[in-house]
Amino acid sequence: MSRHFVACLLAGLGVAGALLVSIASFRVIADVGDAPCDAFCEAVFPDDLQENFLGEQGQETKLCLKEARKAGPASFCAGCQADPTRICGPATFAVCCDPASSFCCPSADGPSCHATCTNGHLPDPASCGCVCAPGSEECGGSCVACPSGRVPDPANCSCVCAPGSEECGGSCVPTGQCAPAACQQGTDPETGAVYVVCRADASTAWVSFSQPGGGLYHADQICQLLGYSASDAFGGTCGNVCGFCEGATSCQAPGTESYNFQGGCGSDEHGRILCYTVNWECVK
């Protein structure tokens, strides 16, 4: 207590008042309080510039220490475990948040502690809630981060192509622009016969048998697997892969694209069947 403060009290209270101050000064309360709470209260409610307890800040410090002495484990200091970093909000309206299980929300309605965020969410003190990190989106109570061009599918939270785009060979392209790569191979889902793409664009594709002697091909089904709606023109090739009745050809060196409507072998529940050394066109 400063000499100036003591003198004022003595002048106002007389000898009895001076005796009261000497017995019940604030420094006595601080000394008998728990030492960690002494440091805690001084840090949260610092003294005024004269280093005494004049003014509001000093009175708040006094109340904090007095509560620590009387309330013990139920005091504000004990609730914060004498750790000023746990305080949430302005000192005079503060609450204590455990960083292991909560975070501080200093909202206009008063400070509060929000439970720790889970499932990829991050704390957002501004809204006093949990939000997904930039680059991820909310889906089914979790945050899902999808590669560029993909978004979470609400049905199962897997990453799918964004609206206005479609799957195409492992990538997302504008809807209607998917085309398989030349020389892309595959097998008939029903017979296992090998086929190859001779050329393709967003509208049509030229597909050929690609195994010795050819095989049985469900042309419509294969076209749908390649991203088209159905097969259209077809024909025999005289044994040429990606060519028609000419010298050596291949998907790397295609020959003539020709459809003579030979090689049809009926249909089944999977659509049109083409047989042996044939080629066909897929259309959107």
# chains A, B, ... in the order shown; residues from 1 in each chain; ligands from 1
$ select_by_dssp --residues "range 55-174 of chain A" --states "alpha helix (DSSP H)" --output "PyMOL selection string"
chain A and resi 55-71+76-79
$ residues_around --residues "Glu281 in chain A" --least-positions-apart "3" --cutoff "8 Å" --atoms "only C-alpha atoms" --output "list in words"
Thr204, Ala205, Trp206, Val207, Ser231, Asp232, Ala233 and Phe234 of chain A
$ residues_around --residues "Gly79 in chain A" --least-positions-apart "4" --cutoff "12 Å" --atoms "only C-alpha atoms" --output "MDAnalysis selection string"
chainID A and resid 37 40 64 67:68 71:75 83:84 86:87 94:98
$ residues_around --residues "range 127-129 of chain A" --least-positions-apart "5" --cutoff "12 Å" --atoms "only C-alpha atoms" --output "list in words"
Ser102, Phe103, Cys104, Cys105, Pro106, Ser107, Ala108, Asp109, Gly110, Pro111, Ser112, Cys113, His114, Ala115, Thr116, Cys117, Thr118, His121 and Leu122 of chain A
$ residues_around --residues "Pro212 in chain A" --least-positions-apart "3" --cutoff "10 Å" --atoms "only C-alpha atoms" --output "list in words"
Val194, Phe209, Gly215, Gly239, Val241, Tyr276 and Thr277 of chain A
$ write_last_selection --atoms "N, CA and C atoms" --output "PDB file, in the first residue's frame"
ATOM      1  N   VAL A 194     -11.439 -58.867 -76.737  1.00  0.00           N
ATOM      2  CA  VAL A 194     -10.679 -57.626 -76.623  1.00  0.00           C
ATOM      3  C   VAL A 194     -11.026 -56.672 -77.757  1.00  0.00           C
ATOM      4  N   PHE A 209     -12.271 -54.663 -83.283  1.00  0.00           N
ATOM      5  CA  PHE A 209     -11.806 -55.887 -82.616  1.00  0.00           C
ATOM      6  C   PHE A 209     -10.293 -55.762 -82.441  1.00  0.00           C
ATOM      7  N   GLY A 215     -13.944 -61.762 -82.223  1.00  0.00           N
ATOM      8  CA  GLY A 215     -14.727 -62.343 -81.129  1.00  0.00           C
ATOM      9  C   GLY A 215     -16.162 -61.857 -81.205  1.00  0.00           C
ATOM     10  N   GLY A 239     -10.123 -58.501 -91.509  1.00  0.00           N
ATOM     11  CA  GLY A 239      -9.046 -58.846 -90.583  1.00  0.00           C
ATOM     12  C   GLY A 239      -8.180 -57.689 -90.160  1.00  0.00           C
ATOM     13  N   VAL A 241      -7.166 -54.509 -88.029  1.00  0.00           N
ATOM     14  CA  VAL A 241      -7.479 -53.783 -86.790  1.00  0.00           C
ATOM     15  C   VAL A 241      -7.366 -52.301 -87.098  1.00  0.00           C
ATOM     16  N   TYR A 276     -16.690 -61.559 -84.750  1.00  0.00           N
ATOM     17  CA  TYR A 276     -15.426 -61.803 -85.428  1.00  0.00           C
ATOM     18  C   TYR A 276     -14.682 -60.497 -85.746  1.00  0.00           C
ATOM     19  N   THR A 277     -14.105 -60.384 -86.956  1.00  0.00           N
ATOM     20  CA  THR A 277     -13.241 -59.228 -87.245  1.00  0.00           C
ATOM     21  C   THR A 277     -14.107 -58.062 -87.711  1.00  0.00           C
TER      22      THR A 277
END
$ atom_distance --atom1 "CA of Ala219 in chain A" --atom2 "CA of Asp188 in chain A"
8.5 Å
$ decode --residues "range 75-154 of chain A" --atoms "C-alpha atoms" --output "short mmCIF file (atom, residue, chain, number, x, y, z; two decimals), in the first residue's frame"
data_model
loop_
_atom_site.label_atom_id
_atom_site.label_comp_id
_atom_site.auth_asym_id
_atom_site.auth_seq_id
_atom_site.Cartn_x
_atom_site.Cartn_y
_atom_site.Cartn_z
CA SER A 75 -13.25 -20.00 -7.06
CA PHE A 76 -12.67 -18.38 -10.44
CA CYS A 77 -8.94 -18.92 -10.07
CA ALA A 78 -9.35 -22.62 -9.29
CA GLY A 79 -11.79 -23.02 -12.19
CA CYS A 80 -9.08 -21.73 -14.50
CA GLN A 81 -6.47 -23.87 -12.70
CA ALA A 82 -4.62 -20.61 -12.00
CA ASP A 83 -3.83 -20.42 -15.73
CA PRO A 84 -4.59 -17.00 -17.32
CA THR A 85 -4.46 -18.53 -20.84
CA ARG A 86 -7.70 -20.39 -20.07
CA ILE A 87 -9.66 -17.17 -19.65
CA CYS A 88 -12.30 -16.45 -22.27
CA GLY A 89 -13.74 -12.96 -22.67
CA PRO A 90 -13.19 -9.64 -20.86
CA ALA A 91 -11.80 -10.16 -17.39
CA THR A 92 -14.85 -8.89 -15.52
CA PHE A 93 -17.20 -11.24 -17.46
CA ALA A 94 -14.79 -14.06 -18.19
CA VAL A 95 -15.30 -17.81 -18.16
CA CYS A 96 -12.62 -20.47 -18.15
CA CYS A 97 -12.17 -22.87 -21.06
CA ASP A 98 -10.19 -26.09 -20.95
CA PRO A 99 -8.08 -26.09 -24.17
CA ALA A 100 -8.07 -29.89 -24.14
CA SER A 101 -11.84 -30.10 -24.61
CA SER A 102 -13.09 -26.66 -25.70
CA PHE A 103 -12.28 -23.32 -27.27
CA CYS A 104 -13.23 -19.75 -26.41
CA CYS A 105 -16.20 -17.97 -28.03
CA PRO A 106 -16.05 -14.26 -27.10
CA SER A 107 -19.47 -13.46 -28.58
CA ALA A 108 -21.51 -10.29 -28.09
CA ASP A 109 -23.97 -12.29 -25.95
CA GLY A 110 -21.23 -13.09 -23.51
CA PRO A 111 -18.17 -15.36 -23.55
CA SER A 112 -18.66 -19.11 -23.58
CA CYS A 113 -16.74 -22.33 -24.15
CA HIS A 114 -17.54 -24.46 -27.20
CA ALA A 115 -16.71 -28.16 -27.30
CA THR A 116 -13.63 -29.13 -29.30
CA CYS A 117 -14.34 -29.60 -33.00
CA THR A 118 -14.19 -33.10 -34.49
CA ASN A 119 -14.38 -34.90 -37.84
CA GLY A 120 -12.07 -32.49 -39.62
CA HIS A 121 -13.84 -29.32 -38.42
CA LEU A 122 -11.95 -26.27 -37.20
CA PRO A 123 -13.04 -23.83 -34.46
CA ASP A 124 -14.53 -20.56 -35.66
CA PRO A 125 -14.66 -18.19 -32.67
CA ALA A 126 -16.44 -15.53 -34.75
CA SER A 127 -19.53 -17.71 -35.18
CA CYS A 128 -18.91 -19.74 -32.02
CA GLY A 129 -19.08 -22.96 -34.02
CA CYS A 130 -17.12 -25.51 -35.98
CA VAL A 131 -16.51 -25.11 -39.69
CA CYS A 132 -14.73 -27.01 -42.43
CA ALA A 133 -11.27 -25.88 -43.42
CA PRO A 134 -10.82 -24.09 -46.76
CA GLY A 135 -10.74 -26.66 -49.53
CA SER A 136 -13.15 -29.03 -47.79
CA GLU A 137 -16.92 -29.19 -47.58
CA GLU A 138 -19.52 -30.36 -45.09
CA CYS A 139 -20.97 -33.80 -45.80
CA GLY A 140 -22.78 -36.08 -43.40
CA GLY A 141 -21.36 -34.36 -40.32
CA SER A 142 -17.76 -34.55 -41.51
CA CYS A 143 -15.48 -32.42 -43.65
CA VAL A 144 -14.57 -33.98 -46.98
CA ALA A 145 -11.66 -32.64 -49.04
CA CYS A 146 -12.02 -33.47 -52.73
CA PRO A 147 -9.47 -32.92 -55.53
CA SER A 148 -9.95 -29.94 -57.80
CA GLY A 149 -13.07 -30.28 -59.96
CA ARG A 150 -14.76 -32.76 -57.64
CA VAL A 151 -17.33 -32.29 -54.87
CA PRO A 152 -18.71 -34.56 -52.13
CA ASP A 153 -21.63 -36.72 -53.20
CA PRO A 154 -24.37 -36.16 -50.56
#
